Structures are given as structure tokens and as C-alpha cells.
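Engineer: Sharing a structure here in C-alpha cells format.
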Amino acid sequence: MNLQIIHTAGRFEVIGNFTLNNTELVKRQFNYLLDNYEEVVMSLRKVEKIDQNGIQVLKDIYAKANKRSKILFVFGKENNVIKKAFKKNKVNYIFRENY
């Protein structure tokens with residue numbers, strides 16, 4: 001499935017396959033948001049597949065937010081695909097759900 005980023009109710013929902021073919025879209029979109037907003041909310045609840053490239057993009061986005069003192073909320077712990085990938089790659093620190 002292709003990837004979509006849908007903005008609803010102040011949240012950016014990443015939907016579909018967050019893999020090599022789609023990582024540039026996510027990277028561009030969230031870099032833009034971090035350049036222009038103090039607070040960004042990302043939901044990974046509807047991600048169907050994620051690979052190492054997707055994980056790396058999330059790590060990069062997280063690092064950029066921290067470096068610029070921006071607030072990045074990441075939801076999606078209940079998505080088994082995300083839960084397994086985050087655990088395997090030891091990146092659970094990216095989750096921030098106290099929005």
C-alpha cells in the first residue's frame with residue numbers, strides 16, 4: 001500500500017507502508033512541520049509495514065525535534081507492526097503520548 005499523510009484534528013496520521021519507497025515523503029513533510037511549528041503530533045497507528053529506512057527517518061525526525069527544542073508527540077504503541085519494529089530497533093524512546 002502506498003503511504004499517505006492525512007492531517008486531521010491537529011494530528012498527522014501516517015497511513016500505509018512506511019518503507020524505502022515512501023520515506024522521503026515522510027521526511028520532507030515532518031521536516032517542514034518542525035521548521036514551522038513548535039509542536040507536531042504524529043500518529044503511526046495506521047502504518048501497515050515499516051522497514052529500517054522508516055525507522056531511520058523517525059530517528060532523524062526525533063533528533064531534529066530535540067535539537068531545535070520542538071515538541072514531537074508520536075502515537076502508535078498499540079500498532080503491533082510498530083511495536084515490534086520499535087522493540088527490535090530499541091527506539092521506544094521515540095514514543096511520546098502525553099499529549
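How things are named: the first chain in the C-alpha cells is A, the next is B, and so on; residues count from 1 in each chain; ligands count from 1 in the order shown.
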List the neighbours of Phe73 (chain A) out to 12 Å using only C-alpha atoms; skip same-chain residues closer than 5 positions along the sequence, and give me the result as a PyMOL selection string.
Structural biologist: chain A and resi 10-13+30+34+38-44+58+61-62+65-66+93-99
Engineer: Taking the DSSP secondary structure from the backbone, can you list the residues of region 54-99 of chain A that are strand (DSSP E or B), as a PyMOL selection string?
Structural biologist: chain A and resi 71-75+96
Engineer: One decimal, Å: what's the distance from CA of Asn53 (chain A) over to CA of His7 (chain A), could you say?
Structural biologist: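 Distance between the two atoms: 22.7 Å.
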Engineer: Distance table requested - region 34-79 of chain A against region 84-87 of chain A, cut-off 10 Å, only C-alpha atoms: one row per qualifying residue with the closest atom pair and its distance in Å to one decimal, ordered by chain and rising residue number, as a Markdown table.
Structural biologist:
```
| residue | atom | partner | partner_atom | distance |
| --- | --- | --- | --- | --- |
| A:Lys49 | CA | A:Ala85 | CA | 9.3 |
| A:Ile50 | CA | A:Ala85 | CA | 7.2 |
| A:Asp51 | CA | A:Ala85 | CA | 7.8 |
| A:Gln52 | CA | A:Ala85 | CA | 8.6 |
| A:Gly54 | CA | A:Ala85 | CA | 9.8 |
| A:Ile55 | CA | A:Phe86 | CA | 7.8 |
| A:Lys77 | CA | A:Phe86 | CA | 9.0 |
| A:Asn79 | CA | A:Lys84 | CA | 8.7 |
```
Engineer: Could you list, as a PyMOL selection string, every residue within 8 Å of Glu48 (chain A), counting only C-alpha atoms and ignoring same-chain residues fewer than 4 positions away?
Structural biologist: chain A and resi 15-18+81
Engineer: Taking the chain letters and numbering used in this document, name the residues of chain A that DSSP puts in alpha helix (DSSP H), as a ChimeraX atom specification.
Structural biologist: /A:23-36,52-67,80-89
Engineer: Name the closest residue to Arg28 (chain A) among the candidates A:Val91, A:Val57, A:Val74, A:Val14; distances are taken between atoms, counting only C-alpha atoms.
Structural biologist: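 Among A:Val91, A:Val57, A:Val74, A:Val14, it is A:Val57 that comes nearest to Arg28 (chain A).
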Engineer: Record the distance separating CA of Lys88 (chain A) and CA of Lys59 (chain A), expressed in Å with one decimal.
Structural biologist: 13.9 Å
